[in-house]
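One structure is given here, and the rest of the page talks about it.
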Amino acid sequence: MNCRKEDLLLYAVTDRRWLQGHTLYEQVQEALQGGITMLQLREKKLAEQEFLEEAVQMKRLCGRYHVPLIINDDPKIAQRADADGVHIGQEDLDLCSTRAILGPDKIIGVSARTVEQAVLAQEQGADYLGVGAVFQTGTKQDAKVISFERLAEICRSVTIPVVAIGGITEDNMDKLKSSGISGIAVVSAVFAQKDIRQVVKRLREKAMQVTLP
């Protein structure tokens with residue numbers, strides 16, 4: 001499966017801390033019904049077998065909505081679950097080794113904070129970049145904020161799509177307009193909300209405006 005730019009428009013990243021009595025499956029289903037265009041399954045604390053079983057379940061669910069499923073950090077889980085791809089950070093398994101595990105047809109996204117990291121990821125065959133944190137975020141306590149100028153410079157330096165991530169909400173998303181991004185990645189802006197479906201509809205509308213050339 002090739003990574004299409006439009007699939008990156010509203011990229012939701014899961015986080016269990018906001019389940020509020022619901023299951024992650026229920027929350028993801030609501031997000032899919034609202035119109036997310038890509039889902040990243042992020043599990044830092046699940047045992048490998050549990051993570052795999054959840055990934056298989058999410059792959060089936062996302063497939064019903066024709067939305068790609070990306071696994072965070074773990075290409076082997078992505079391969080075994082037949083997910084659509086994986087997202088890796090600078091500290092994870094390198095891109096070439098990841099590609100060797102997944103093969104040529106899966107999506108590989110790479111986190112980048114500098115032009116050098118972005119250009120190298122593109123040269124090594126990344127399908128898209130995740131760049132951030134673009135705002136202060138409570139999701140990743142150690143994430144340092146990068147400037148709008150840096151984000152725009154990274155977008156100009158590569159031809160693959162760039163997704164902005166980190167502290168993005170309905171209220172601050174407009175500040176990313178004209179940066180050159182192809183999409184926004186959201187965590188709490190989706191999964192911490194009471195009415196996920198309605199929030200996602202609004203986020204998607206806004207994301208379409210923000211990513212206009």
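The way I read the labels, and the way they are meant: chains A, B, ... in the order of the structure tokens, residue 1 as the first residue of every chain, and ligand 1 as the first ligand shown, with later ones counted on from there.
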Which neighbours of Gly132 of chain A fall inside 6 Å, counting only C-alpha atoms, when residues of the same chain fewer than 5 positions from it are skipped, and could you give them as a PDB file with N, CA, C and O atoms, in the first residue's frame?
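Done, and the output landed in around19.pdb:
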```pdb
ATOM      1  N   ALA A 164       2.265  17.415  10.970  1.00  0.00           N
ATOM      2  CA  ALA A 164       2.625  18.118  12.205  1.00  0.00           C
ATOM      3  C   ALA A 164       2.002  17.392  13.394  1.00  0.00           C
ATOM      4  O   ALA A 164       0.870  16.902  13.311  1.00  0.00           O
ATOM      5  N   ILE A 165       2.740  17.315  14.502  1.00  0.00           N
ATOM      6  CA  ILE A 165       2.244  16.640  15.698  1.00  0.00           C
ATOM      7  C   ILE A 165       2.699  17.392  16.948  1.00  0.00           C
ATOM      8  O   ILE A 165       3.717  18.076  16.934  1.00  0.00           O
ATOM      9  N   GLY A 166       1.908  17.249  18.013  1.00  0.00           N
ATOM     10  CA  GLY A 166       2.322  17.804  19.299  1.00  0.00           C
ATOM     11  C   GLY A 166       1.464  18.959  19.750  1.00  0.00           C
ATOM     12  O   GLY A 166       1.623  20.072  19.246  1.00  0.00           O
TER      13      GLY A 166
END
```
Give me every strand (DSSP E or B) residue in chain A, going by DSSP on the backbone, as a ChimeraX atom specification.
/A:10-13,38-41,69-72,85-88,107-112,128-132,162-165,183-186
For the residues in that selection, give me N, CA and C atoms as a short mmCIF file (atom, residue, chain, number, x, y, z; two decimals), in the first residue's frame.
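Ended up saving to result-v3.cif:
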```
data_model
loop_
_atom_site.label_atom_id
_atom_site.label_comp_id
_atom_site.auth_asym_id
_atom_site.auth_seq_id
_atom_site.Cartn_x
_atom_site.Cartn_y
_atom_site.Cartn_z
N LEU A 10 -5.96 13.86 8.60
CA LEU A 10 -6.29 13.85 10.02
C LEU A 10 -5.86 12.50 10.60
N TYR A 11 -4.70 12.52 11.22
CA TYR A 11 -3.96 11.33 11.63
C TYR A 11 -4.11 11.20 13.14
N ALA A 12 -4.90 10.22 13.59
CA ALA A 12 -5.17 10.06 15.02
C ALA A 12 -4.21 9.05 15.64
N VAL A 13 -3.68 9.40 16.80
CA VAL A 13 -2.74 8.54 17.52
C VAL A 13 -3.39 8.13 18.84
N MET A 38 -6.21 8.37 9.06
CA MET A 38 -5.17 7.40 9.38
C MET A 38 -5.17 7.19 10.88
N LEU A 39 -4.83 5.96 11.30
CA LEU A 39 -4.77 5.67 12.73
C LEU A 39 -3.41 5.09 13.07
N GLN A 40 -2.79 5.65 14.10
CA GLN A 40 -1.56 5.05 14.64
C GLN A 40 -1.89 4.42 15.98
N LEU A 41 -1.61 3.13 16.09
CA LEU A 41 -1.82 2.41 17.33
C LEU A 41 -0.55 2.50 18.15
N LEU A 69 -3.86 1.57 8.93
CA LEU A 69 -3.43 1.39 10.31
C LEU A 69 -1.91 1.37 10.36
N ILE A 70 -1.36 2.26 11.18
CA ILE A 70 0.08 2.37 11.39
C ILE A 70 0.39 1.93 12.82
N ILE A 71 1.42 1.13 12.99
CA ILE A 71 1.84 0.69 14.32
C ILE A 71 3.00 1.57 14.78
N ASN A 72 2.94 2.02 16.02
CA ASN A 72 4.02 2.85 16.55
C ASN A 72 5.22 1.99 16.96
N GLY A 85 1.47 -0.18 7.96
CA GLY A 85 2.81 0.38 8.08
C GLY A 85 3.21 0.59 9.51
N VAL A 86 4.29 1.32 9.69
CA VAL A 86 4.85 1.57 11.01
C VAL A 86 5.39 2.99 11.06
N HIS A 87 5.40 3.56 12.27
CA HIS A 87 6.03 4.88 12.45
C HIS A 87 7.18 4.71 13.43
N ILE A 88 8.36 5.19 13.04
CA ILE A 88 9.55 5.03 13.89
C ILE A 88 10.13 6.40 14.25
N ILE A 107 3.86 1.22 4.47
CA ILE A 107 4.15 2.63 4.77
C ILE A 107 5.11 2.72 5.93
N ILE A 108 6.14 3.55 5.79
CA ILE A 108 7.03 3.84 6.92
C ILE A 108 7.10 5.36 7.12
N GLY A 109 6.66 5.78 8.30
CA GLY A 109 6.78 7.18 8.69
C GLY A 109 7.93 7.34 9.67
N VAL A 110 8.57 8.50 9.63
CA VAL A 110 9.73 8.75 10.48
C VAL A 110 9.55 10.10 11.19
N SER A 111 9.86 10.12 12.48
CA SER A 111 9.85 11.38 13.22
C SER A 111 11.12 12.17 12.89
N ALA A 112 10.95 13.46 12.65
CA ALA A 112 12.10 14.32 12.35
C ALA A 112 11.91 15.67 13.01
N TYR A 128 6.57 9.27 4.72
CA TYR A 128 6.10 10.55 5.24
C TYR A 128 6.92 10.86 6.49
N LEU A 129 6.82 12.12 6.94
CA LEU A 129 7.51 12.55 8.16
C LEU A 129 6.50 13.02 9.19
N GLY A 130 6.78 12.73 10.46
CA GLY A 130 6.05 13.33 11.57
C GLY A 130 6.96 14.36 12.21
N VAL A 131 6.53 15.61 12.26
CA VAL A 131 7.40 16.69 12.74
C VAL A 131 6.76 17.40 13.92
N GLY A 132 7.51 17.54 15.01
CA GLY A 132 6.99 18.21 16.18
C GLY A 132 7.94 18.04 17.36
N VAL A 162 4.52 15.86 5.00
CA VAL A 162 4.88 16.14 6.39
C VAL A 162 3.60 16.27 7.21
N VAL A 163 3.57 15.57 8.35
CA VAL A 163 2.46 15.67 9.29
C VAL A 163 2.97 16.38 10.54
N ALA A 164 2.26 17.41 10.97
CA ALA A 164 2.63 18.12 12.21
C ALA A 164 2.00 17.39 13.39
N ILE A 165 2.74 17.32 14.50
CA ILE A 165 2.24 16.64 15.70
C ILE A 165 2.70 17.39 16.95
N GLY A 183 -0.83 17.25 6.69
CA GLY A 183 -1.81 16.76 7.66
C GLY A 183 -1.43 17.11 9.07
N ILE A 184 -2.37 16.83 9.98
CA ILE A 184 -2.12 17.05 11.40
C ILE A 184 -2.33 15.74 12.14
N ALA A 185 -1.48 15.49 13.13
CA ALA A 185 -1.62 14.31 13.99
C ALA A 185 -2.13 14.77 15.34
N VAL A 186 -3.14 14.09 15.84
CA VAL A 186 -3.78 14.50 17.09
C VAL A 186 -3.92 13.31 18.03
#
```
If you run DSSP on this backbone, which residues of segment 53-169 of chain A come out as alpha helix (DSSP H), and could you give them as an MDAnalysis selection string?
chainID A and resid 53:64 75:80 95:102 115:123 148:157
One decimal, in Å: what's the spacing between atom CA of Arg113 of chain A and atom CA of Val158 of chain A?
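So the answer is 13.0 Å.
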Atom CA of Val115 of chain A and atom CA of Ile154 of chain A, how far apart in Å?
5.1 Å
Could you tell me which of A:Leu151, A:Leu120, A:Leu102, A:Ala143 comes closest to Ala81 of chain A if we count only C-alpha atoms?
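Nearest to Ala81 of chain A: A:Leu102.
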One decimal, Å: what's the distance from atom CA of Asp74 of chain A over to atom CA of Gln33 of chain A, could you say?
26.4 Å
Write out as a count of residues only the residues lying within 7 Å of Arg197 of chain A, counting only C-alpha atoms and excluding same-chain residues fewer than 2 positions away.
8
What's around segment 53-59 of chain A at 12 Å? Count only C-alpha atoms, leave out sequence neighbours fewer than 5 positions away in its own chain, and write the answer as number ranges by chain.
A: 14, 23-29, 32, 38-43, 46-48, 64-72, 74-86
Kindly indicate which residue among A:Ser178, A:Ser97, A:Thr137, A:Ser147 lies nearest to Thr114 of chain A, using only C-alpha atoms for the distances.
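Going through A:Ser178, A:Ser97, A:Thr137, A:Ser147 one by one, the smallest distance to Thr114 of chain A is for A:Ser147.
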Which polymer residues have any atom within 7 Å of an atom of Phe135 of chain A, counting only C-alpha atoms, with same-chain residues fewer than 4 positions away left out, as a PDB file with N, CA and C atoms, in the first residue's frame?
```pdb
ATOM      1  N   VAL A 145       9.441  21.848  21.817  1.00  0.00           N
ATOM      2  CA  VAL A 145       8.672  22.520  20.765  1.00  0.00           C
ATOM      3  C   VAL A 145       9.613  23.062  19.692  1.00  0.00           C
ATOM      4  N   GLY A 166       1.908  17.249  18.013  1.00  0.00           N
ATOM      5  CA  GLY A 166       2.322  17.804  19.299  1.00  0.00           C
ATOM      6  C   GLY A 166       1.464  18.959  19.750  1.00  0.00           C
ATOM      7  N   GLY A 167       0.537  18.686  20.656  1.00  0.00           N
ATOM      8  CA  GLY A 167      -0.252  19.751  21.262  1.00  0.00           C
ATOM      9  C   GLY A 167      -1.251  20.432  20.342  1.00  0.00           C
ATOM     10  N   ILE A 168      -1.594  19.802  19.218  1.00  0.00           N
ATOM     11  CA  ILE A 168      -2.514  20.436  18.258  1.00  0.00           C
ATOM     12  C   ILE A 168      -3.957  20.271  18.733  1.00  0.00           C
TER      13      ILE A 168
END
```
Determine, counting only C-alpha atoms, which protein, DNA and RNA residues have an atom within 9 Å of an atom of Thr211 of chain A; residues of the same chain fewer than 6 positions away are not included. Present the result as a list of chain:residue names.
A:Leu9, A:Leu176, A:Lys177, A:Ser178, A:Ser179, A:Gly180, A:Ile181, A:Ser182, A:Gly183, A:Ile184
For Val210 of chain A, list every protein, DNA or RNA residue within 7 Å, evaluated using only C-alpha atoms, and leave out those in the same chain fewer than 2 positions away; present the list as number ranges by chain.
A: 174, 176-177, 206-208, 212
